[in-house]
>>> print(open('model.cif').read())   # mmCIF, N, CA and C atoms
data_my_file
loop_
_atom_site.label_atom_id
_atom_site.label_comp_id
_atom_site.auth_asym_id
_atom_site.auth_seq_id
_atom_site.Cartn_x
_atom_site.Cartn_y
_atom_site.Cartn_z
N MET A 1 278.02 34.06 20.28
CA MET A 1 278.01 33.97 18.85
C MET A 1 279.28 33.24 18.40
N THR A 2 279.13 32.20 17.62
CA THR A 2 280.28 31.41 17.20
C THR A 2 281.05 32.10 16.09
N TYR A 3 282.25 31.61 15.86
CA TYR A 3 283.12 32.15 14.80
C TYR A 3 282.41 32.09 13.45
N ILE A 4 281.80 30.94 13.13
CA ILE A 4 281.12 30.77 11.85
C ILE A 4 279.93 31.71 11.75
N THR A 5 279.18 31.88 12.83
CA THR A 5 278.04 32.78 12.82
C THR A 5 278.48 34.21 12.58
N ARG A 6 279.56 34.64 13.26
CA ARG A 6 280.08 36.00 13.05
C ARG A 6 280.53 36.18 11.61
N LEU A 7 281.24 35.20 11.06
CA LEU A 7 281.71 35.28 9.69
C LEU A 7 280.54 35.35 8.72
N THR A 8 279.55 34.50 8.90
CA THR A 8 278.39 34.47 8.03
C THR A 8 277.62 35.78 8.11
N THR A 9 277.43 36.29 9.31
CA THR A 9 276.70 37.55 9.49
C THR A 9 277.43 38.71 8.84
N ALA A 10 278.73 38.82 9.09
CA ALA A 10 279.52 39.92 8.53
C ALA A 10 279.60 39.82 7.01
N ALA A 11 279.85 38.63 6.50
CA ALA A 11 279.95 38.44 5.05
C ALA A 11 278.60 38.72 4.39
N GLY A 12 277.52 38.23 5.00
CA GLY A 12 276.19 38.47 4.45
C GLY A 12 275.84 39.94 4.41
N ALA A 13 276.19 40.68 5.46
CA ALA A 13 275.91 42.11 5.49
C ALA A 13 276.69 42.84 4.41
N LEU A 14 277.94 42.49 4.25
CA LEU A 14 278.77 43.14 3.24
C LEU A 14 278.29 42.81 1.84
N LEU A 15 277.98 41.55 1.57
CA LEU A 15 277.51 41.17 0.25
C LEU A 15 276.13 41.76 -0.04
N ALA A 16 275.28 41.87 0.96
CA ALA A 16 273.98 42.50 0.76
C ALA A 16 274.16 43.97 0.38
N CYS A 17 275.09 44.64 1.04
CA CYS A 17 275.37 46.04 0.71
C CYS A 17 275.94 46.16 -0.69
N ALA A 18 276.81 45.25 -1.07
CA ALA A 18 277.39 45.27 -2.41
C ALA A 18 276.30 45.04 -3.45
N GLY A 19 275.35 44.15 -3.17
CA GLY A 19 274.25 43.90 -4.09
C GLY A 19 273.36 45.12 -4.26
N LEU A 20 273.15 45.86 -3.22
CA LEU A 20 272.34 47.07 -3.30
C LEU A 20 273.00 48.13 -4.15
N LEU A 21 274.31 48.18 -4.16
CA LEU A 21 275.01 49.20 -4.93
C LEU A 21 274.75 49.05 -6.42
N GLY A 22 274.56 47.83 -6.90
CA GLY A 22 274.32 47.63 -8.32
C GLY A 22 272.85 47.63 -8.68
N ALA A 23 271.95 47.84 -7.73
CA ALA A 23 270.52 47.70 -7.97
C ALA A 23 269.85 48.96 -8.49
N GLY A 24 270.49 50.09 -8.49
CA GLY A 24 269.84 51.31 -8.94
C GLY A 24 270.83 52.44 -9.05
N PRO A 25 270.34 53.68 -8.95
CA PRO A 25 271.24 54.81 -9.05
C PRO A 25 272.29 54.76 -7.93
N ALA A 26 273.46 55.25 -8.25
CA ALA A 26 274.55 55.22 -7.27
C ALA A 26 274.30 56.21 -6.15
N HIS A 27 274.29 55.71 -4.94
CA HIS A 27 274.17 56.54 -3.74
C HIS A 27 275.23 56.08 -2.76
N ALA A 28 275.74 57.01 -2.01
CA ALA A 28 276.73 56.63 -1.00
C ALA A 28 276.05 55.81 0.08
N ALA A 29 276.66 54.69 0.41
CA ALA A 29 276.10 53.86 1.48
C ALA A 29 276.42 54.49 2.82
N PRO A 30 275.50 54.41 3.77
CA PRO A 30 275.82 54.93 5.09
C PRO A 30 277.01 54.19 5.67
N ARG A 31 277.84 54.89 6.41
CA ARG A 31 279.05 54.31 6.96
C ARG A 31 278.75 53.06 7.79
N SER A 32 277.63 53.05 8.46
CA SER A 32 277.30 51.91 9.31
C SER A 32 276.87 50.69 8.52
N ALA A 33 276.67 50.80 7.19
CA ALA A 33 276.23 49.67 6.38
C ALA A 33 277.33 48.62 6.24
N PHE A 34 278.59 49.00 6.36
CA PHE A 34 279.69 48.07 6.25
C PHE A 34 280.13 47.63 7.63
N PRO A 35 280.40 46.33 7.80
CA PRO A 35 280.77 45.83 9.13
C PRO A 35 282.16 46.27 9.57
N THR A 36 282.99 46.77 8.67
CA THR A 36 284.35 47.16 9.01
C THR A 36 284.90 48.13 7.98
N ASP A 37 285.89 48.93 8.37
CA ASP A 37 286.57 49.80 7.42
C ASP A 37 287.70 49.06 6.72
N ASN A 38 288.06 47.90 7.20
CA ASN A 38 289.17 47.14 6.65
C ASN A 38 288.68 45.79 6.15
N TRP A 39 288.38 45.74 4.85
CA TRP A 39 287.90 44.51 4.23
C TRP A 39 288.42 44.43 2.81
N LEU A 40 288.65 43.23 2.35
CA LEU A 40 289.08 43.00 0.97
C LEU A 40 288.37 41.77 0.44
N TYR A 41 287.95 41.84 -0.80
CA TYR A 41 287.48 40.66 -1.51
C TYR A 41 288.65 40.19 -2.36
N LEU A 42 289.12 38.98 -2.11
CA LEU A 42 290.33 38.45 -2.73
C LEU A 42 289.99 37.35 -3.72
N THR A 43 290.60 37.39 -4.90
CA THR A 43 290.48 36.29 -5.85
C THR A 43 291.87 35.79 -6.20
N VAL A 44 291.96 34.49 -6.35
CA VAL A 44 293.19 33.82 -6.75
C VAL A 44 292.82 32.95 -7.93
N THR A 45 293.41 33.23 -9.10
CA THR A 45 293.06 32.53 -10.32
C THR A 45 294.31 31.93 -10.96
N PRO A 46 294.30 30.63 -11.23
CA PRO A 46 295.44 30.05 -11.95
C PRO A 46 295.54 30.66 -13.34
N GLY A 47 296.74 30.95 -13.77
CA GLY A 47 296.96 31.50 -15.11
C GLY A 47 297.35 32.96 -15.08
N LYS A 48 297.55 33.51 -16.28
CA LYS A 48 298.01 34.88 -16.42
C LYS A 48 296.88 35.90 -16.38
N THR A 49 295.68 35.47 -16.47
CA THR A 49 294.56 36.40 -16.52
C THR A 49 293.49 35.98 -15.52
N ALA A 50 292.79 36.97 -15.01
CA ALA A 50 291.73 36.69 -14.04
C ALA A 50 290.41 36.34 -14.73
N GLN A 51 290.42 36.22 -16.07
CA GLN A 51 289.21 35.89 -16.80
C GLN A 51 289.05 34.39 -16.88
N GLY A 52 287.87 33.88 -16.59
CA GLY A 52 287.58 32.46 -16.71
C GLY A 52 288.38 31.62 -15.72
N GLY A 53 288.52 30.36 -16.04
CA GLY A 53 289.32 29.48 -15.21
C GLY A 53 288.68 29.18 -13.87
N ASP A 54 289.48 28.65 -12.97
CA ASP A 54 289.04 28.26 -11.63
C ASP A 54 289.21 29.44 -10.69
N ARG A 55 288.28 30.35 -10.70
CA ARG A 55 288.35 31.54 -9.86
C ARG A 55 287.92 31.19 -8.45
N HIS A 56 288.67 31.70 -7.49
CA HIS A 56 288.36 31.44 -6.08
C HIS A 56 288.32 32.79 -5.37
N GLY A 57 287.20 33.12 -4.75
CA GLY A 57 287.09 34.40 -4.05
C GLY A 57 286.83 34.21 -2.58
N THR A 58 287.41 35.09 -1.79
CA THR A 58 287.26 35.04 -0.34
C THR A 58 287.13 36.46 0.20
N LEU A 59 286.26 36.65 1.15
CA LEU A 59 286.11 37.94 1.81
C LEU A 59 286.97 37.95 3.07
N LEU A 60 287.89 38.89 3.15
CA LEU A 60 288.74 39.06 4.33
C LEU A 60 288.25 40.27 5.11
N LEU A 61 287.87 40.06 6.36
CA LEU A 61 287.47 41.13 7.26
C LEU A 61 288.52 41.25 8.35
N CYS A 62 288.97 42.48 8.63
CA CYS A 62 290.04 42.63 9.62
C CYS A 62 289.61 43.29 10.92
N ASP A 63 288.46 43.93 10.97
CA ASP A 63 288.01 44.56 12.20
C ASP A 63 286.59 44.13 12.50
N PRO A 64 286.21 43.87 13.69
CA PRO A 64 286.96 44.00 14.93
C PRO A 64 287.93 42.86 15.16
N LEU A 65 287.70 41.71 14.47
CA LEU A 65 288.68 40.63 14.56
C LEU A 65 288.78 39.97 13.19
N PRO A 66 289.94 39.42 12.87
CA PRO A 66 290.16 38.85 11.54
C PRO A 66 289.24 37.66 11.27
N LEU A 67 288.58 37.69 10.12
CA LEU A 67 287.69 36.62 9.68
C LEU A 67 287.86 36.40 8.20
N GLY A 68 287.65 35.20 7.74
CA GLY A 68 287.62 34.93 6.32
C GLY A 68 288.28 33.63 5.92
N TYR A 69 289.44 33.34 6.48
CA TYR A 69 290.12 32.09 6.18
C TYR A 69 291.15 31.82 7.26
N ALA A 70 291.79 30.64 7.20
CA ALA A 70 292.65 30.19 8.29
C ALA A 70 293.77 31.16 8.65
N ARG A 71 294.34 31.85 7.67
CA ARG A 71 295.46 32.76 7.94
C ARG A 71 295.02 34.23 7.94
N ALA A 72 293.75 34.48 8.24
CA ALA A 72 293.21 35.84 8.22
C ALA A 72 293.94 36.76 9.21
N ALA A 73 294.24 36.28 10.40
CA ALA A 73 294.93 37.12 11.39
C ALA A 73 296.31 37.54 10.89
N GLU A 74 297.02 36.60 10.28
CA GLU A 74 298.34 36.91 9.72
C GLU A 74 298.22 37.89 8.55
N ALA A 75 297.21 37.67 7.69
CA ALA A 75 296.99 38.57 6.55
C ALA A 75 296.66 39.98 7.02
N CYS A 76 295.80 40.10 8.03
CA CYS A 76 295.43 41.42 8.56
C CYS A 76 296.64 42.11 9.18
N ALA A 77 297.50 41.34 9.85
CA ALA A 77 298.72 41.91 10.43
C ALA A 77 299.66 42.40 9.33
N ASP A 78 299.80 41.61 8.25
CA ASP A 78 300.63 42.05 7.11
C ASP A 78 300.09 43.35 6.53
N LEU A 79 298.77 43.41 6.35
CA LEU A 79 298.15 44.62 5.79
C LEU A 79 298.27 45.81 6.73
N ALA A 80 298.13 45.59 8.03
CA ALA A 80 298.25 46.68 9.00
C ALA A 80 299.65 47.28 8.96
N ARG A 81 300.68 46.43 8.88
CA ARG A 81 302.05 46.94 8.81
C ARG A 81 302.30 47.74 7.53
N ALA A 82 301.59 47.40 6.45
CA ALA A 82 301.77 48.08 5.17
C ALA A 82 300.71 49.15 4.94
N ASP A 83 299.92 49.47 5.96
CA ASP A 83 298.83 50.45 5.89
C ASP A 83 297.87 50.13 4.73
N GLY A 84 297.61 48.85 4.53
CA GLY A 84 296.64 48.42 3.53
C GLY A 84 297.16 48.37 2.11
N ASP A 85 298.42 48.74 1.89
CA ASP A 85 299.01 48.75 0.55
C ASP A 85 299.76 47.44 0.32
N ILE A 86 299.15 46.53 -0.41
CA ILE A 86 299.73 45.21 -0.62
C ILE A 86 301.12 45.30 -1.24
N ALA A 87 301.32 46.25 -2.12
CA ALA A 87 302.63 46.42 -2.77
C ALA A 87 303.73 46.78 -1.78
N ARG A 88 303.37 47.28 -0.61
CA ARG A 88 304.36 47.67 0.41
C ARG A 88 304.65 46.57 1.43
N ILE A 89 304.02 45.41 1.29
CA ILE A 89 304.32 44.30 2.19
C ILE A 89 305.75 43.86 1.89
N PRO A 90 306.61 43.80 2.89
CA PRO A 90 308.01 43.41 2.65
C PRO A 90 308.10 41.99 2.08
N GLN A 91 308.93 41.85 1.07
CA GLN A 91 309.12 40.54 0.44
C GLN A 91 309.91 39.63 1.37
N LYS A 92 309.39 38.41 1.53
CA LYS A 92 310.09 37.42 2.35
C LYS A 92 311.24 36.84 1.55
N LYS A 93 312.32 36.55 2.23
CA LYS A 93 313.48 35.95 1.57
C LYS A 93 313.34 34.43 1.65
N VAL A 94 312.79 33.86 0.60
CA VAL A 94 312.60 32.42 0.52
C VAL A 94 313.09 31.94 -0.85
N PHE A 95 313.40 30.68 -0.93
CA PHE A 95 313.77 30.07 -2.20
C PHE A 95 312.53 29.38 -2.76
N CYS A 96 312.08 29.85 -3.91
CA CYS A 96 310.92 29.26 -4.56
C CYS A 96 311.38 28.41 -5.73
N PRO A 97 310.67 27.32 -6.01
CA PRO A 97 311.03 26.50 -7.16
C PRO A 97 310.85 27.29 -8.45
N MET A 98 311.66 26.99 -9.42
CA MET A 98 311.57 27.69 -10.70
C MET A 98 310.60 26.95 -11.63
N ILE A 99 309.43 26.72 -11.11
CA ILE A 99 308.37 26.07 -11.88
C ILE A 99 307.38 27.15 -12.28
N TYR A 100 307.14 27.27 -13.57
CA TYR A 100 306.23 28.29 -14.05
C TYR A 100 304.80 27.76 -14.01
N ALA A 101 304.07 28.24 -13.04
CA ALA A 101 302.66 27.91 -12.87
C ALA A 101 301.98 29.20 -12.44
N PRO A 102 301.76 30.14 -13.38
CA PRO A 102 301.31 31.49 -13.01
C PRO A 102 299.99 31.50 -12.26
N VAL A 103 299.88 32.50 -11.41
CA VAL A 103 298.67 32.72 -10.63
C VAL A 103 298.41 34.22 -10.62
N THR A 104 297.18 34.60 -10.89
CA THR A 104 296.78 36.01 -10.90
C THR A 104 295.93 36.27 -9.66
N VAL A 105 296.27 37.32 -8.95
CA VAL A 105 295.55 37.67 -7.73
C VAL A 105 294.92 39.05 -7.89
N ARG A 106 293.82 39.25 -7.18
CA ARG A 106 293.17 40.56 -7.17
C ARG A 106 292.59 40.80 -5.79
N ALA A 107 292.76 42.02 -5.31
CA ALA A 107 292.16 42.44 -4.05
C ALA A 107 291.37 43.71 -4.33
N HIS A 108 290.13 43.71 -3.90
CA HIS A 108 289.27 44.88 -4.07
C HIS A 108 288.54 45.11 -2.75
N GLY A 109 288.59 46.33 -2.26
CA GLY A 109 287.90 46.64 -1.01
C GLY A 109 288.34 47.98 -0.47
N GLN A 110 288.50 48.05 0.85
CA GLN A 110 288.95 49.31 1.45
C GLN A 110 289.78 49.05 2.70
N TRP A 111 290.65 50.00 2.97
CA TRP A 111 291.49 49.95 4.16
C TRP A 111 291.49 51.33 4.79
N ASN A 112 291.04 51.43 6.02
CA ASN A 112 290.93 52.71 6.73
C ASN A 112 290.19 53.75 5.88
N GLY A 113 289.14 53.31 5.20
CA GLY A 113 288.31 54.21 4.41
C GLY A 113 288.85 54.52 3.03
N ARG A 114 290.03 54.04 2.69
CA ARG A 114 290.62 54.28 1.36
C ARG A 114 290.37 53.06 0.48
N PRO A 115 290.06 53.28 -0.81
CA PRO A 115 289.84 52.14 -1.69
C PRO A 115 291.13 51.37 -1.95
N VAL A 116 290.99 50.06 -2.08
CA VAL A 116 292.11 49.18 -2.42
C VAL A 116 291.72 48.44 -3.69
N ASP A 117 292.59 48.48 -4.68
CA ASP A 117 292.40 47.72 -5.91
C ASP A 117 293.78 47.25 -6.37
N TYR A 118 294.06 45.99 -6.18
CA TYR A 118 295.38 45.43 -6.45
C TYR A 118 295.22 44.23 -7.36
N ARG A 119 296.04 44.17 -8.39
CA ARG A 119 296.03 43.01 -9.29
C ARG A 119 297.45 42.76 -9.75
N GLU A 120 297.84 41.49 -9.71
CA GLU A 120 299.19 41.12 -10.11
C GLU A 120 299.22 39.65 -10.49
N THR A 121 300.12 39.30 -11.40
CA THR A 121 300.35 37.91 -11.77
C THR A 121 301.74 37.52 -11.31
N TYR A 122 301.83 36.39 -10.64
CA TYR A 122 303.11 35.87 -10.13
C TYR A 122 303.43 34.57 -10.85
N SER A 123 304.70 34.20 -10.89
CA SER A 123 305.13 33.01 -11.62
C SER A 123 304.62 31.71 -10.98
N ASN A 124 304.39 31.72 -9.68
CA ASN A 124 303.82 30.56 -8.99
C ASN A 124 303.34 31.00 -7.61
N THR A 125 302.68 30.11 -6.88
CA THR A 125 302.12 30.49 -5.58
C THR A 125 303.20 30.79 -4.55
N CYS A 126 304.35 30.14 -4.66
CA CYS A 126 305.45 30.43 -3.73
C CYS A 126 305.90 31.88 -3.89
N ALA A 127 306.08 32.31 -5.14
CA ALA A 127 306.48 33.70 -5.41
C ALA A 127 305.40 34.67 -4.94
N MET A 128 304.12 34.28 -5.12
CA MET A 128 303.01 35.12 -4.67
C MET A 128 303.06 35.31 -3.16
N GLU A 129 303.21 34.22 -2.41
CA GLU A 129 303.23 34.34 -0.95
C GLU A 129 304.49 35.04 -0.44
N ALA A 130 305.61 34.87 -1.14
CA ALA A 130 306.83 35.58 -0.74
C ALA A 130 306.64 37.08 -0.89
N ARG A 131 305.86 37.49 -1.87
CA ARG A 131 305.67 38.92 -2.14
C ARG A 131 304.48 39.52 -1.39
N THR A 132 303.45 38.73 -1.11
CA THR A 132 302.22 39.29 -0.53
C THR A 132 301.92 38.76 0.87
N GLY A 133 302.82 38.00 1.45
CA GLY A 133 302.58 37.45 2.78
C GLY A 133 301.39 36.52 2.77
N ALA A 134 300.57 36.61 3.79
CA ALA A 134 299.41 35.72 3.93
C ALA A 134 298.15 36.27 3.28
N VAL A 135 298.23 37.43 2.64
CA VAL A 135 297.02 38.07 2.11
C VAL A 135 296.27 37.15 1.14
N PHE A 136 296.96 36.51 0.22
CA PHE A 136 296.29 35.66 -0.76
C PHE A 136 296.43 34.17 -0.44
N ALA A 137 296.85 33.84 0.77
CA ALA A 137 296.99 32.44 1.19
C ALA A 137 295.65 31.93 1.68
N VAL A 138 294.64 32.07 0.82
CA VAL A 138 293.28 31.69 1.16
C VAL A 138 293.12 30.19 1.09
N ASP A 139 292.14 29.67 1.78
CA ASP A 139 291.84 28.23 1.74
C ASP A 139 291.37 27.89 0.33
N ARG A 140 291.94 26.86 -0.24
CA ARG A 140 291.61 26.52 -1.62
C ARG A 140 290.77 25.26 -1.76
N GLY A 141 290.45 24.59 -0.69
CA GLY A 141 289.76 23.30 -0.80
C GLY A 141 288.27 23.36 -0.62
N ARG A 142 287.59 24.36 -1.08
CA ARG A 142 286.13 24.46 -0.88
C ARG A 142 285.38 23.67 -1.88
#
>>> encode(input="model.cif", output="C-alpha cells")
Amino acid sequence: MTYITRLTTAAGALLACAGLLGAGPAHAAPRSAFPTDNWLYLTVTPGKTAQGGDRHGTLLLCDPLPLGYARAAEACADLARADGDIARIPQKKVFCPMIYAPVTVRAHGQWNGRPVDYRETYSNTCAMEARTGAVFAVDRGR
C-alpha cells in the first residue's frame, strides 16, 4: 500500500465518520471507527478571524505513522512531547520579521482519546511556527 493510498484511506475513513456524526441523532462512534487516537484537523487562515478568506484545512494523522503533509512526522513529534497540548509546545528562539500579516490557526481533533480544540491568531507565520513548531506548517500550494 503506497503512502498516498494509506493517506487517502485513513482520511476517507475519518471524514466518513465525521459525516455520519452530523447525519442524525448523536451516538458515540465505536472506537474502531477512527483510524487513530491521535488526529487533528488543522486550518490556517490569513487574517485575524477564521471566518471567510482563504481557508486551508489539512488532516494530520499521527498513528500508526504520521500522515497529512510534508512535516507531519515533525508535527507529531512536537505534539507527542507536549502530550497533544499545542499551548505546551516549547517556543523556538528565532528572530521573526516585524511584519504584521496575521494568521489564525485552529486545531480540532483528539490526542490519546482527549479532545483537542485550539485556536489562536499570530502576528505572522514566522511567529506562528516559532510558537507551534511544525503543527501548522501545512503545505499551502494545493
>>> resolve_selection(input="model.cif", expression="the PyMOL selection byres ((chain A and resi 56-60) around 5)", output="number ranges by chain")
A: 39-44, 54-55, 61-62, 67-68
>>> resolve_selection(input="model.cif", expression="the PyMOL selection byres (((chain A and resi 87 and name CA) around 12) and name CA)", output="ChimeraX atom specification")
/A:78-79,81-86,88-91,106-107,116-120,128,130-133,135
>>> select_by_dssp(input="model.cif", residues="stretch 64-114 of chain A", states="alpha helix (DSSP H)", output="list in words")
Ala72, Ala73, Glu74, Ala75, Cys76, Ala77, Asp78, Leu79, Ala80 and Arg81 of chain A
>>> atom_distance(input="model.cif", atom1="atom CA of A:Ala77", atom2="atom CA of A:Thr45")
23.5 Å
>>> atom_distance(input="model.cif", atom1="atom C of A:Lys93", atom2="atom N of A:Pro46")
23.3 Å
>>> atom_distance(input="model.cif", atom1="atom C of A:Tyr69", atom2="atom N of A:Cys96")
23.8 Å
>>> resolve_selection(input="model.cif", expression="the PyMOL selection byres ((chain A and resi 100) around 6)", output="PyMOL selection string")
chain A and resi 98-99+101-102+123-124
>>> axis_aligned_box(input="model.cif", around="stretch 113-121 of chain A", padding_each_side="4 Å", output="JSON")
{"center_x": 295.0, "center_y": 46.0, "center_z": -3.3, "size_x": 21.4, "size_y": 25.0, "size_z": 25.0}
>>> closest_residue(input="model.cif", among="A:Val103, A:Ala75, A:Leu65, A:Val94", to="A:Phe136", atoms="only N, CA and C atoms")
A:Ala75
>>> closest_residue(input="model.cif", among="A:Lys92, A:Ala70, A:Gly109, A:Pro97", to="A:Asp139", atoms="all atoms listed in the file")
A:Ala70
>>> build_atoms(input="model.cif", residues="stretch 107-127 of chain A", atoms="N, CA, C and O atoms", output="tab-separated table (two decimals), keeping the file's coordinate frame")
chain	number	residue	atom	x	y	z
A	107	ALA	N	292.76	42.02	-5.31
A	107	ALA	CA	292.16	42.44	-4.05
A	107	ALA	C	291.37	43.71	-4.33
A	107	ALA	O	291.88	44.65	-4.94
A	108	HIS	N	290.13	43.71	-3.90
A	108	HIS	CA	289.27	44.88	-4.07
A	108	HIS	C	288.54	45.11	-2.75
A	108	HIS	O	287.99	44.18	-2.18
A	109	GLY	N	288.59	46.33	-2.26
A	109	GLY	CA	287.90	46.64	-1.01
A	109	GLY	C	288.34	47.98	-0.47
A	109	GLY	O	288.56	48.91	-1.24
A	110	GLN	N	288.50	48.05	0.85
A	110	GLN	CA	288.95	49.31	1.45
A	110	GLN	C	289.78	49.05	2.70
A	110	GLN	O	289.64	48.02	3.35
A	111	TRP	N	290.65	50.00	2.97
A	111	TRP	CA	291.49	49.95	4.16
A	111	TRP	C	291.49	51.33	4.79
A	111	TRP	O	291.87	52.30	4.14
A	112	ASN	N	291.04	51.43	6.02
A	112	ASN	CA	290.93	52.71	6.73
A	112	ASN	C	290.19	53.75	5.88
A	112	ASN	O	290.58	54.91	5.82
A	113	GLY	N	289.14	53.31	5.20
A	113	GLY	CA	288.31	54.21	4.41
A	113	GLY	C	288.85	54.52	3.03
A	113	GLY	O	288.18	55.19	2.25
A	114	ARG	N	290.03	54.04	2.69
A	114	ARG	CA	290.62	54.28	1.36
A	114	ARG	C	290.37	53.06	0.48
A	114	ARG	O	290.50	51.92	0.94
A	115	PRO	N	290.06	53.28	-0.81
A	115	PRO	CA	289.84	52.14	-1.69
A	115	PRO	C	291.13	51.37	-1.95
A	115	PRO	O	292.21	51.95	-2.02
A	116	VAL	N	290.99	50.06	-2.08
A	116	VAL	CA	292.11	49.18	-2.42
A	116	VAL	C	291.72	48.44	-3.69
A	116	VAL	O	290.63	47.88	-3.77
A	117	ASP	N	292.59	48.48	-4.68
A	117	ASP	CA	292.40	47.72	-5.91
A	117	ASP	C	293.78	47.25	-6.37
A	117	ASP	O	294.57	48.05	-6.84
A	118	TYR	N	294.06	45.99	-6.18
A	118	TYR	CA	295.38	45.43	-6.45
A	118	TYR	C	295.22	44.23	-7.36
A	118	TYR	O	294.36	43.38	-7.13
A	119	ARG	N	296.04	44.17	-8.39
A	119	ARG	CA	296.03	43.01	-9.29
A	119	ARG	C	297.45	42.76	-9.75
A	119	ARG	O	298.17	43.69	-10.12
A	120	GLU	N	297.84	41.49	-9.71
A	120	GLU	CA	299.19	41.12	-10.11
A	120	GLU	C	299.22	39.65	-10.49
A	120	GLU	O	298.43	38.85	-10.00
A	121	THR	N	300.12	39.30	-11.40
A	121	THR	CA	300.35	37.91	-11.77
A	121	THR	C	301.74	37.52	-11.31
A	121	THR	O	302.70	38.25	-11.55
A	122	TYR	N	301.83	36.39	-10.64
A	122	TYR	CA	303.11	35.87	-10.13
A	122	TYR	C	303.43	34.57	-10.85
A	122	TYR	O	302.53	33.87	-11.33
A	123	SER	N	304.70	34.20	-10.89
A	123	SER	CA	305.13	33.01	-11.62
A	123	SER	C	304.62	31.71	-10.98
A	123	SER	O	304.44	30.72	-11.68
A	124	ASN	N	304.39	31.72	-9.68
A	124	ASN	CA	303.82	30.56	-8.99
A	124	ASN	C	303.34	31.00	-7.61
A	124	ASN	O	303.55	32.15	-7.20
A	125	THR	N	302.68	30.11	-6.88
A	125	THR	CA	302.12	30.49	-5.58
A	125	THR	C	303.20	30.79	-4.55
A	125	THR	O	302.99	31.61	-3.66
A	126	CYS	N	304.35	30.14	-4.66
A	126	CYS	CA	305.45	30.43	-3.73
A	126	CYS	C	305.90	31.88	-3.89
A	126	CYS	O	306.07	32.61	-2.91
A	127	ALA	N	306.08	32.31	-5.14
A	127	ALA	CA	306.48	33.70	-5.41
A	127	ALA	C	305.40	34.67	-4.94
A	127	ALA	O	305.69	35.74	-4.40
